[in-house]
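Content type compact mmCIF, C-alpha atoms, from the file entry32.txt:
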# COMPACT_ATOMS: atom_id res chain seq x y z
CA MET A 1 -46.29 28.78 3.52
CA LYS A 2 -47.99 27.38 6.61
CA ILE A 3 -46.48 28.28 9.96
CA GLN A 4 -47.04 26.43 13.21
CA LEU A 5 -46.80 28.30 16.50
CA GLN A 6 -47.81 27.43 20.04
CA SER A 7 -49.25 29.36 22.93
CA ILE A 8 -46.69 29.87 25.72
CA GLY A 9 -49.03 31.18 28.39
CA THR A 10 -52.34 32.87 29.10
CA ILE A 11 -53.38 36.51 29.50
CA HIS A 12 -55.83 37.33 32.29
CA SER A 13 -58.14 40.34 32.23
CA PRO A 14 -61.57 41.34 33.56
CA TYR A 15 -63.01 41.18 30.02
CA LEU A 16 -65.16 38.15 29.29
CA PRO A 17 -65.56 36.82 25.76
CA GLY A 18 -68.75 38.10 24.17
CA LEU A 19 -68.97 41.21 26.34
CA PRO A 20 -67.71 44.73 25.51
CA ILE A 21 -63.96 45.27 25.60
CA PRO A 22 -61.72 48.32 25.20
CA HIS A 23 -60.27 48.77 21.74
CA GLN A 24 -56.84 49.71 23.04
CA PRO A 25 -54.91 49.12 26.26
CA PRO A 26 -56.86 51.31 28.71
CA GLU A 27 -54.98 53.76 30.90
CA ASN A 28 -55.57 53.12 34.60
CA ALA A 29 -58.07 50.41 33.81
CA PRO A 30 -59.87 49.03 36.84
CA GLY A 31 -59.36 45.35 37.54
CA GLU A 32 -56.43 42.97 37.54
CA PHE A 33 -54.36 42.17 34.51
CA TRP A 34 -51.65 39.55 34.48
CA ILE A 35 -49.96 36.96 32.33
CA THR A 36 -49.30 33.39 33.39
CA LEU A 37 -46.30 32.15 31.45
CA ASP A 38 -46.09 28.39 31.06
CA PRO A 39 -43.63 27.34 33.81
CA GLU A 40 -41.11 25.79 31.40
CA TYR A 41 -40.35 29.27 30.03
CA GLN A 42 -40.00 31.05 33.38
CA ALA A 43 -36.20 31.39 33.18
CA GLY A 44 -36.68 33.47 30.03
CA LEU A 45 -38.07 36.31 32.20
CA ASP A 46 -34.69 37.13 33.75
CA GLN A 47 -33.90 40.87 33.49
CA LEU A 48 -37.29 41.63 31.96
CA LEU A 49 -38.21 43.71 34.99
CA THR A 50 -35.54 46.27 34.09
CA TYR A 51 -37.91 47.43 31.34
CA ARG A 52 -40.80 49.80 31.94
CA TYR A 53 -42.86 48.70 28.92
CA LEU A 54 -43.48 45.38 27.19
CA TYR A 55 -44.82 44.28 23.85
CA VAL A 56 -47.34 41.50 24.41
CA PHE A 57 -48.03 39.29 21.38
CA PHE A 58 -51.16 37.21 21.49
CA TYR A 59 -53.40 35.00 19.40
CA LEU A 60 -56.83 36.46 18.73
CA ASP A 61 -58.62 33.21 19.48
CA GLN A 62 -62.07 34.79 19.88
CA ILE A 63 -62.26 36.03 16.30
CA LYS A 64 -64.71 33.75 14.57
CA GLU A 65 -65.74 35.98 11.69
CA ASN A 66 -64.14 35.83 8.30
CA ILE A 67 -61.46 38.39 7.71
CA ASN A 68 -62.29 41.55 5.80
CA LEU A 69 -59.78 43.44 3.68
CA HIS A 70 -61.65 46.65 4.50
CA ILE A 71 -63.01 47.63 7.90
CA HIS A 72 -64.95 50.47 9.48
CA PRO A 73 -62.86 51.70 12.42
CA SER A 74 -64.60 51.61 15.79
CA TRP A 75 -63.84 55.29 16.34
CA ALA A 76 -64.72 56.52 12.87
CA PRO A 77 -67.31 54.08 11.53
CA GLU A 78 -68.28 56.41 8.70
CA ILE A 79 -65.02 55.74 6.87
CA GLU A 80 -63.48 52.61 5.46
CA VAL A 81 -59.79 51.69 5.60
CA GLY A 82 -57.74 48.68 4.59
CA ILE A 83 -57.17 46.07 7.27
CA PHE A 84 -53.40 46.77 7.27
CA ALA A 85 -54.08 50.46 7.97
CA SER A 86 -55.96 49.44 11.10
CA ARG A 87 -55.48 47.48 14.28
CA SER A 88 -58.75 45.61 13.80
CA PRO A 89 -58.54 42.00 14.99
CA LYS A 90 -60.18 40.50 11.87
CA ARG A 91 -56.93 40.17 9.91
CA PRO A 92 -55.34 37.48 7.74
CA ASN A 93 -53.08 36.35 10.60
CA PRO A 94 -54.84 36.91 13.92
CA ILE A 95 -51.80 38.16 15.81
CA GLY A 96 -52.50 40.86 18.37
CA LEU A 97 -49.95 43.32 19.74
CA SER A 98 -50.35 45.58 22.76
CA ILE A 99 -47.91 47.67 24.73
CA VAL A 100 -48.35 47.45 28.50
CA GLU A 101 -46.53 48.65 31.57
CA LEU A 102 -44.65 46.02 33.50
CA LYS A 103 -45.71 46.13 37.16
CA GLY A 104 -44.00 43.11 38.67
CA ILE A 105 -42.97 39.50 38.20
CA GLU A 106 -43.76 36.73 40.68
CA GLY A 107 -42.41 33.41 39.52
CA ASN A 108 -44.13 32.76 36.20
CA GLU A 109 -46.76 35.47 36.69
CA ILE A 110 -46.29 38.89 35.16
CA LEU A 111 -48.35 41.78 36.51
CA ILE A 112 -49.19 44.35 33.86
CA SER A 113 -51.25 47.47 33.26
CA GLY A 114 -54.55 47.24 31.39
CA ILE A 115 -54.61 45.22 28.20
CA ASP A 116 -57.33 45.05 25.55
CA VAL A 117 -57.77 41.27 25.41
CA TYR A 118 -60.35 38.82 26.66
CA ASN A 119 -59.59 36.79 29.74
CA GLY A 120 -57.90 33.58 28.68
CA THR A 121 -56.25 34.91 25.52
CA PRO A 122 -53.29 32.72 24.46
CA LEU A 123 -49.87 34.37 24.76
CA LEU A 124 -47.47 34.12 21.81
CA ASP A 125 -44.46 36.22 22.82
CA LEU A 126 -43.12 38.97 25.06
CA LYS A 127 -40.51 41.45 23.87
CA PRO A 128 -39.16 44.52 25.65
CA TYR A 129 -40.24 47.93 24.36
CA ILE A 130 -36.83 49.53 23.92
CA ARG A 131 -36.76 53.30 23.93
CA ALA A 132 -33.80 53.55 21.56
CA ILE A 133 -35.54 51.38 18.95
CA ASP A 134 -39.28 51.72 19.42
CA LEU A 135 -39.93 55.33 20.39
CA LYS A 136 -40.41 57.13 17.08
CA SER A 137 -40.67 60.78 17.98
CA ASP A 138 -41.83 61.82 14.50
CA ALA A 139 -44.54 59.17 14.18
CA ASN A 140 -47.99 60.32 13.08
CA ASP A 141 -51.56 59.10 13.49
CA GLY A 142 -52.19 58.36 9.80
CA TRP A 143 -55.74 58.81 8.56
CA PHE A 144 -56.78 59.62 12.11
CA ASP A 145 -54.92 62.94 11.73
CA GLN A 146 -57.42 63.95 9.05
CA LEU A 147 -60.53 63.33 11.08
CA GLN A 148 -62.54 66.20 12.48
CA ASP A 149 -62.55 66.05 16.27
CA LYS A 150 -59.44 63.90 16.28
CA ASP A 151 -58.37 64.72 19.83
CA HIS A 152 -61.73 63.72 21.18
CA LEU A 153 -61.70 60.44 19.27
CA VAL A 154 -58.19 59.66 20.52
CA ALA A 155 -59.32 60.31 24.08
CA HIS A 156 -62.15 57.81 23.57
CA MET A 157 -59.82 55.29 21.97
CA LEU A 158 -57.44 55.42 24.89
CA GLY A 159 -60.15 55.53 27.53
CA LEU A 160 -58.92 58.91 28.78
CA GLN A 161 -61.06 61.20 30.83
CA HIS A 162 -62.20 64.17 28.76
CA GLU A 163 -64.95 66.70 28.42
CA HIS A 164 -67.71 66.97 25.85
CA GLU A 165 -69.34 70.08 24.50
CA HIS A 166 -72.50 69.22 26.39
CA GLU A 167 -70.46 69.53 29.52
CA HIS A 168 -70.26 66.34 31.35
CA THR A 169 -67.09 64.42 32.07
CA HIS A 170 -66.76 60.72 31.81
CA VAL A 171 -64.30 57.90 31.44
CA HIS A 172 -64.87 55.15 28.95
CA ASN A 173 -63.83 51.76 30.14
CA GLN A 174 -64.94 48.21 29.88
CA GLU A 175 -68.12 48.87 31.83
CA HIS A 176 -69.32 51.19 29.13
CA SER A 177 -70.35 49.60 25.86
CA HIS A 178 -69.01 52.09 23.39
CA LYS A 179 -70.82 51.86 20.09
CA GLN A 180 -69.59 54.89 18.24
CA ALA A 181 -72.36 54.49 15.66
CA HIS A 182 -74.89 55.39 18.36
CA HIS A 183 -72.80 58.05 20.01
CA THR A 184 -74.84 61.22 19.89
CA HIS A 185 -72.18 63.71 20.90
CA VAL A 186 -69.93 62.98 17.92
CA PRO A 187 -70.15 65.48 15.09
CA SER A 188 -71.76 64.39 11.85
CA SER A 189 -69.53 62.21 9.68
CA PRO A 190 -66.42 64.01 8.60
CA LYS A 191 -65.95 63.90 4.86
CA LEU A 192 -62.51 62.55 4.22
CA SER A 193 -60.56 64.58 1.77
CA ARG A 194 -59.59 63.01 -1.51
CA SER A 195 -55.99 63.12 -0.36
CA LEU A 196 -56.73 60.11 1.83
CA ARG A 197 -57.27 58.06 -1.28
CA VAL A 198 -53.75 58.32 -2.64
CA THR A 199 -52.00 55.00 -2.93
CA SER A 200 -48.42 56.14 -3.48
CA LYS A 201 -46.41 59.05 -2.19
CA LYS A 202 -43.06 58.01 -3.56
CA THR A 203 -42.15 55.40 -6.11
CA SER A 204 -38.50 54.90 -5.29
CA GLN A 205 -36.10 55.52 -2.51
CA LYS A 206 -32.50 56.60 -2.50
CA MET B 1 -52.50 25.09 22.09
CA LYS B 2 -51.18 24.82 18.56
CA ILE B 3 -51.76 27.77 16.28
CA GLN B 4 -51.65 27.72 12.50
CA LEU B 5 -50.70 30.86 10.60
CA GLN B 6 -49.77 31.52 6.98
CA SER B 7 -47.30 33.80 5.27
CA ILE B 8 -49.07 36.62 3.41
CA GLY B 9 -46.10 37.95 1.47
CA THR B 10 -42.32 38.20 1.30
CA ILE B 11 -39.82 40.76 2.62
CA HIS B 12 -36.94 41.72 0.32
CA SER B 13 -33.60 43.02 1.60
CA PRO B 14 -29.93 42.99 0.53
CA TYR B 15 -29.12 40.51 3.35
CA LEU B 16 -28.53 36.95 2.25
CA PRO B 17 -29.15 34.03 4.58
CA GLY B 18 -25.93 32.88 6.24
CA LEU B 19 -24.18 36.25 5.86
CA PRO B 20 -23.93 39.05 8.45
CA ILE B 21 -27.07 41.09 9.05
CA PRO B 22 -27.84 44.17 11.17
CA HIS B 23 -29.36 43.42 14.55
CA GLN B 24 -31.91 46.21 14.28
CA PRO B 25 -33.50 48.15 11.42
CA PRO B 26 -30.55 50.20 10.16
CA GLU B 27 -30.95 53.93 9.70
CA ASN B 28 -30.25 55.02 6.11
CA ALA B 29 -29.25 51.48 5.17
CA PRO B 30 -27.84 51.17 1.66
CA GLY B 31 -29.78 48.92 -0.69
CA GLU B 32 -33.41 48.33 -1.51
CA PHE B 33 -35.98 47.10 0.95
CA TRP B 34 -39.51 46.22 0.00
CA ILE B 35 -42.38 43.90 0.79
CA THR B 36 -44.34 41.97 -1.79
CA LEU B 37 -47.79 41.34 -0.38
CA ASP B 38 -49.61 38.36 -1.86
CA PRO B 39 -51.95 39.95 -4.46
CA GLU B 40 -55.13 38.64 -2.86
CA TYR B 41 -54.51 40.94 0.13
CA GLN B 42 -53.70 44.09 -1.85
CA ALA B 43 -57.00 45.84 -1.07
CA GLY B 44 -56.06 45.68 2.62
CA LEU B 45 -53.37 48.33 1.99
CA ASP B 46 -55.90 51.14 1.44
CA GLN B 47 -55.07 54.21 3.60
CA LEU B 48 -51.87 52.62 4.90
CA LEU B 49 -49.82 55.30 3.18
CA THR B 50 -51.25 57.93 5.52
CA TYR B 51 -48.95 56.49 8.20
CA ARG B 52 -45.28 57.36 8.50
CA TYR B 53 -44.24 54.19 10.33
CA LEU B 54 -45.27 50.55 10.13
CA TYR B 55 -44.92 47.50 12.31
CA VAL B 56 -43.75 44.59 10.17
CA PHE B 57 -44.41 41.13 11.63
CA PHE B 58 -42.45 38.29 10.14
CA TYR B 59 -41.62 34.63 10.60
CA LEU B 60 -37.98 33.97 11.50
CA ASP B 61 -37.66 31.10 9.05
CA GLN B 62 -33.84 31.07 9.08
CA ILE B 63 -33.56 30.18 12.76
CA LYS B 64 -32.51 26.56 12.86
CA GLU B 65 -30.98 26.43 16.32
CA ASN B 66 -32.88 25.33 19.36
CA ILE B 67 -34.28 28.12 21.44
CA ASN B 68 -32.46 29.24 24.55
CA LEU B 69 -34.15 30.71 27.59
CA HIS B 70 -31.04 32.79 28.23
CA ILE B 71 -29.01 34.62 25.60
CA HIS B 72 -25.87 36.75 25.42
CA PRO B 73 -26.90 40.01 23.74
CA SER B 74 -24.97 40.87 20.58
CA TRP B 75 -24.03 44.26 22.01
CA ALA B 76 -23.16 43.13 25.51
CA PRO B 77 -22.01 39.51 25.16
CA GLU B 78 -20.47 39.51 28.62
CA ILE B 79 -23.90 39.48 30.26
CA GLU B 80 -26.77 37.04 30.12
CA VAL B 81 -30.45 37.94 29.97
CA GLY B 82 -33.69 36.01 29.60
CA ILE B 83 -35.00 35.57 26.06
CA PHE B 84 -38.09 37.69 26.85
CA ALA B 85 -35.85 40.56 27.99
CA SER B 86 -34.21 40.53 24.56
CA ARG B 87 -35.10 40.79 20.91
CA SER B 88 -33.00 37.75 20.03
CA PRO B 89 -34.56 35.67 17.26
CA LYS B 90 -34.08 32.32 19.03
CA ARG B 91 -37.36 32.45 20.93
CA PRO B 92 -40.18 30.01 21.67
CA ASN B 93 -42.36 31.49 18.92
CA PRO B 94 -40.15 32.80 16.11
CA ILE B 95 -42.15 35.96 15.45
CA GLY B 96 -40.07 38.99 14.47
CA LEU B 97 -41.19 42.60 14.79
CA SER B 98 -39.53 45.64 13.24
CA ILE B 99 -40.62 49.24 12.84
CA VAL B 100 -39.88 50.72 9.43
CA GLU B 101 -40.65 53.91 7.58
CA LEU B 102 -43.22 53.62 4.84
CA LYS B 103 -41.79 55.06 1.61
CA GLY B 104 -44.43 54.22 -0.97
CA ILE B 105 -46.91 51.66 -2.23
CA GLU B 106 -47.08 50.43 -5.82
CA GLY B 107 -49.83 47.87 -6.29
CA ASN B 108 -48.94 45.04 -3.94
CA GLU B 109 -45.37 46.25 -3.34
CA ILE B 110 -44.54 48.31 -0.28
CA LEU B 111 -41.31 50.30 -0.26
CA ILE B 112 -39.79 50.63 3.19
CA SER B 113 -36.69 51.84 4.99
CA GLY B 114 -34.03 49.37 6.10
CA ILE B 115 -35.20 46.24 7.87
CA ASP B 116 -33.14 43.67 9.76
CA VAL B 117 -34.34 40.53 7.98
CA TYR B 118 -32.90 38.19 5.41
CA ASN B 119 -34.07 38.47 1.84
CA GLY B 120 -37.07 36.20 1.37
CA THR B 121 -38.37 36.36 4.94
CA PRO B 122 -42.08 35.41 5.14
CA LEU B 123 -44.43 38.25 6.08
CA LEU B 124 -47.04 37.63 8.79
CA ASP B 125 -48.75 40.99 9.28
CA LEU B 126 -48.54 44.75 8.86
CA LYS B 127 -49.98 47.16 11.41
CA PRO B 128 -49.72 50.95 11.54
CA TYR B 129 -47.46 52.47 14.19
CA ILE B 130 -49.91 54.91 15.76
CA ARG B 131 -48.37 57.82 17.61
CA ALA B 132 -51.22 58.09 20.13
CA ILE B 133 -50.87 54.43 21.11
CA ASP B 134 -47.30 53.35 20.43
CA LEU B 135 -45.10 56.30 21.30
CA LYS B 136 -44.28 55.85 24.97
CA SER B 137 -42.41 58.98 25.95
CA ASP B 138 -41.34 57.58 29.33
CA ALA B 139 -40.04 54.26 28.00
CA ASN B 140 -36.59 53.17 29.10
CA ASP B 141 -33.85 50.92 27.74
CA GLY B 142 -34.02 48.29 30.48
CA TRP B 143 -30.79 46.54 31.37
CA PHE B 144 -29.09 48.46 28.59
CA ASP B 145 -29.42 51.59 30.75
CA GLN B 146 -27.06 50.01 33.28
CA LEU B 147 -24.26 49.22 30.86
CA GLN B 148 -21.10 51.25 30.83
CA ASP B 149 -20.71 52.99 27.48
CA LYS B 150 -24.41 52.65 26.79
CA ASP B 151 -24.61 55.45 24.24
CA HIS B 152 -21.84 53.93 22.20
CA LEU B 153 -23.48 50.50 22.23
CA VAL B 154 -26.81 51.99 21.17
CA ALA B 155 -25.10 53.76 18.29
CA HIS B 156 -23.67 50.41 17.18
CA MET B 157 -26.99 48.68 17.60
CA LEU B 158 -28.75 51.22 15.40
CA GLY B 159 -25.95 51.46 12.85
CA LEU B 160 -25.50 55.15 13.59
CA GLN B 161 -22.35 57.03 12.71
CA HIS B 162 -20.34 57.81 15.82
CA GLU B 163 -16.85 58.42 17.09
CA HIS B 164 -14.57 56.23 19.14
CA GLU B 165 -11.99 57.27 21.68
CA HIS B 166 -9.24 56.23 19.29
CA GLU B 167 -10.58 58.86 16.94
CA HIS B 168 -11.87 57.40 13.81
CA THR B 169 -15.43 57.62 12.60
CA HIS B 170 -17.30 54.80 11.03
CA VAL B 171 -20.72 53.48 10.26
CA HIS B 172 -21.62 49.90 10.97
CA ASN B 173 -23.88 48.36 8.42
CA GLN B 174 -24.42 45.04 6.78
CA GLU B 175 -21.03 45.14 5.05
CA HIS B 176 -19.33 45.06 8.41
CA SER B 177 -19.47 41.79 10.29
CA HIS B 178 -19.95 43.04 13.79
CA LYS B 179 -18.78 40.50 16.32
CA GLN B 180 -18.84 42.45 19.53
CA ALA B 181 -16.88 39.74 21.30
CA HIS B 182 -13.86 40.63 19.14
CA HIS B 183 -14.41 44.34 19.22
CA THR B 184 -11.25 45.85 20.63
CA HIS B 185 -12.48 49.36 21.34
CA VAL B 186 -15.18 48.28 23.76
CA PRO B 187 -14.31 48.75 27.42
CA SER B 188 -13.75 45.69 29.55
CA SER B 189 -16.90 43.88 30.59
CA PRO B 190 -19.12 46.03 32.75
CA LYS B 191 -20.03 44.31 35.96
CA LEU B 192 -23.76 44.38 36.23
CA SER B 193 -24.95 45.54 39.56
CA ARG B 194 -26.86 43.15 41.76
CA SER B 195 -29.91 45.31 41.24
CA LEU B 196 -30.24 43.79 37.78
CA ARG B 197 -30.95 40.46 39.38
CA VAL B 198 -34.14 41.45 41.14
CA THR B 199 -37.16 39.55 39.98
CA SER B 200 -39.93 41.65 41.41
CA LYS B 201 -40.34 45.36 41.89
CA LYS B 202 -43.96 45.35 42.92
CA THR B 203 -46.21 42.53 43.89
CA SER B 204 -49.56 44.18 43.40
CA GLN B 205 -51.06 47.05 41.56
CA LYS B 206 -53.69 49.55 42.52
Please render this file's structure as structure tokens.
Amino acid sequence: MKIQLQSIGTIHSPYLPGLPIPHQPPENAPGEFWITLDPEYQAGLDQLLTYRYLYVFFYLDQIKENINLHIHPSWAPEIEVGIFASRSPKRPNPIGLSIVELKGIEGNEILISGIDVYNGTPLLDLKPYIRAIDLKSDANDGWFDQLQDKDHLVAHMLGLQHEHEHEHTHVHNQEHSHKQAHHTHVPSSPKLSRSLRVTSKKTSQK
Amino acid sequence: MKIQLQSIGTIHSPYLPGLPIPHQPPENAPGEFWITLDPEYQAGLDQLLTYRYLYVFFYLDQIKENINLHIHPSWAPEIEVGIFASRSPKRPNPIGLSIVELKGIEGNEILISGIDVYNGTPLLDLKPYIRAIDLKSDANDGWFDQLQDKDHLVAHMLGLQHEHEHEHTHVHNQEHSHKQAHHTHVPSSPKLSRSLRVTSKKTSQK
């Protein structure tokens, strides 16, 4: 079934196509981030500002490569996971989703916290992040939970300031091309346990 | 900009088009819920089962009505909010998003907890819900927070068992057509404070 959508606005960020970009919405990212909603939809923003967080849906228009059903995660390139167990952009339908903080609304412009998209990315939808529905207090981190040095990798993924064993402190952001494969302070490849390879934990539900 | 996507599978639920349906993924919903991924994408499910929760993206193919930029929420029909401040399906791009629990994977079939879609809904994407990224502990409930009787309305929205002042206990699920407008135990329309009408809380960010 073919499905036709349309962009309804544009996302603005300091990240230029072809240059390095964060892999997740960066906390306290430097630079300006905002969304220009096409003016005909502006009335649809009423009451949005009562929410602290937003889901931003976008079209990954810069993905030129063919999709892969398996990918090597940016933060753990030594393993391989299915595309649906990852947030990699090279997926069958190139829909991106990021959660951002809502900072303000001026007419048809929406000021947001850092978002991991290239400048000019087409907007598909905005939905409120609703605490009662979307905050899953018992959520886990999937295969990430089984990686050695998980906390360190999460800090990198989120662009959080953290310390390394060789005792310097840094923040990873868009000015820092972060090729994990060449990252010397990461421990040697963790061997994933066989338990990661299971494909079913339960065959029926009550 | 026109964007072409494709369905990559089908979502199965007990909810038939044209009949009542929950407005959010129902907790402990009776019935069977599963996703049939088109077989050519099956390899993309590897490692997905390590996650407890999934984002399910779908195409709202049963929405025939024209979109509205303002809607009356199902749980608070006396107020009006912009479409982007709601999860109403009648939106410019009919992309649905629900978070479900992952129960098991058998080949190209994915067993899930209750989902608020009609049987036969086209699947667009699956992404893991990642605790480190998606759990926003300081999220709020937006305009919902300002409603009288908020906790009661949230319980209805989520299909949770709860008590009413007139002292009976019930669970709302798909067998119960839930037209809030005719719901006699709900207090008279809360008057939204003027503060809900603000359209900017901050005009710049640091």
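All residues that come within 10 Å of the coordinates (-43.4, 44.5, 13.2), counting all atoms listed in the file, are given as Leu97 of chain A; Leu54, Tyr55, Val56, Phe57, Phe58, Ile95, Gly96, Leu97, Ser98, Ile99, Val100, Ile115, Leu123, Leu124, Asp125, Leu126, Lys127, Pro128 and Tyr129 of chain B.
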Selection: 10 Å around Gln24 (chain B), all atoms listed in the file, excl. self and same-chain fewer than 3 positions, as a PyMOL selection string: (chain A and resi 133) or (chain B and resi 21+27+87+97-99+114-117+156-159)
Contact residues (chain A, partner chain B, 7 Å, all atoms listed in the file) as number ranges by chain: A: 1-7, 41, 43-53, 69-70, 81-87, 93, 103-106, 124-128, 130-132, 135-136, 139-143, 196-197, 199-203
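Relative to CA of Ser13 (chain A), CA of Asp38 (chain A) is found at 17.0 Å.
CA of Glu78 (chain B) lies 26.4 Å from CA of Tyr118 (chain B).
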Distance of CA of Asn66 (chain B) from CA of Ile11 (chain A), expressed in Å to one decimal place: 25.5 Å
Place all heavy atoms on region 11-18 of chain B and deliver the coordinates as an mmCIF file, in the coordinates of the input.
data_model
loop_
_atom_site.group_PDB
_atom_site.id
_atom_site.type_symbol
_atom_site.label_atom_id
_atom_site.label_comp_id
_atom_site.auth_asym_id
_atom_site.auth_seq_id
_atom_site.Cartn_x
_atom_site.Cartn_y
_atom_site.Cartn_z
ATOM 1 N N ILE B 11 -40.621 39.545 2.393
ATOM 2 C CA ILE B 11 -39.820 40.760 2.620
ATOM 3 C C ILE B 11 -38.507 40.628 1.844
ATOM 4 O O ILE B 11 -37.852 39.580 1.884
ATOM 5 C CB ILE B 11 -39.530 40.943 4.119
ATOM 6 C CG1 ILE B 11 -40.833 40.862 4.929
ATOM 7 C CG2 ILE B 11 -38.821 42.279 4.351
ATOM 8 C CD1 ILE B 11 -40.631 40.905 6.436
ATOM 9 N N HIS B 12 -38.163 41.704 1.126
ATOM 10 C CA HIS B 12 -36.940 41.720 0.320
ATOM 11 C C HIS B 12 -35.924 42.666 0.938
ATOM 12 O O HIS B 12 -36.258 43.796 1.303
ATOM 13 C CB HIS B 12 -37.255 42.150 -1.106
ATOM 14 C CG HIS B 12 -38.299 41.299 -1.753
ATOM 15 N ND1 HIS B 12 -38.027 40.094 -2.337
ATOM 16 C CD2 HIS B 12 -39.642 41.471 -1.859
ATOM 17 C CE1 HIS B 12 -39.156 39.552 -2.799
ATOM 18 N NE2 HIS B 12 -40.149 40.371 -2.520
ATOM 19 N N SER B 13 -34.683 42.201 1.041
ATOM 20 C CA SER B 13 -33.600 43.020 1.600
ATOM 21 C C SER B 13 -32.308 42.611 0.916
ATOM 22 O O SER B 13 -32.269 41.603 0.207
ATOM 23 C CB SER B 13 -33.494 42.754 3.117
ATOM 24 O OG SER B 13 -32.785 41.554 3.363
ATOM 25 N N PRO B 14 -31.227 43.376 1.123
ATOM 26 C CA PRO B 14 -29.930 42.990 0.530
ATOM 27 C C PRO B 14 -29.221 41.897 1.343
ATOM 28 O O PRO B 14 -28.114 41.508 0.983
ATOM 29 C CB PRO B 14 -29.112 44.277 0.580
ATOM 30 C CG PRO B 14 -30.016 45.340 1.088
ATOM 31 C CD PRO B 14 -31.159 44.682 1.771
ATOM 32 N N TYR B 15 -29.822 41.414 2.426
ATOM 33 C CA TYR B 15 -29.120 40.510 3.350
ATOM 34 C C TYR B 15 -29.413 39.063 3.005
ATOM 35 O O TYR B 15 -30.565 38.631 3.037
ATOM 36 C CB TYR B 15 -29.526 40.821 4.795
ATOM 37 C CG TYR B 15 -29.469 42.296 5.123
ATOM 38 C CD1 TYR B 15 -30.559 42.942 5.693
ATOM 39 C CD2 TYR B 15 -28.342 43.048 4.827
ATOM 40 C CE1 TYR B 15 -30.520 44.297 5.976
ATOM 41 C CE2 TYR B 15 -28.293 44.411 5.108
ATOM 42 C CZ TYR B 15 -29.393 45.022 5.678
ATOM 43 O OH TYR B 15 -29.358 46.371 5.945
ATOM 44 N N LEU B 16 -28.356 38.335 2.689
ATOM 45 C CA LEU B 16 -28.530 36.950 2.250
ATOM 46 C C LEU B 16 -28.372 36.003 3.430
ATOM 47 O O LEU B 16 -27.480 36.179 4.263
ATOM 48 C CB LEU B 16 -27.512 36.607 1.162
ATOM 49 C CG LEU B 16 -27.605 37.499 -0.084
ATOM 50 C CD1 LEU B 16 -26.578 37.075 -1.124
ATOM 51 C CD2 LEU B 16 -29.015 37.461 -0.672
ATOM 52 N N PRO B 17 -29.243 34.995 3.492
ATOM 53 C CA PRO B 17 -29.150 34.030 4.580
ATOM 54 C C PRO B 17 -27.732 33.485 4.741
ATOM 55 O O PRO B 17 -27.071 33.172 3.743
ATOM 56 C CB PRO B 17 -30.130 32.925 4.156
ATOM 57 C CG PRO B 17 -31.160 33.643 3.347
ATOM 58 C CD PRO B 17 -30.400 34.708 2.608
ATOM 59 N N GLY B 18 -27.266 33.416 5.964
ATOM 60 C CA GLY B 18 -25.930 32.880 6.240
ATOM 61 C C GLY B 18 -24.855 33.947 6.307
ATOM 62 O O GLY B 18 -23.760 33.691 6.801
#
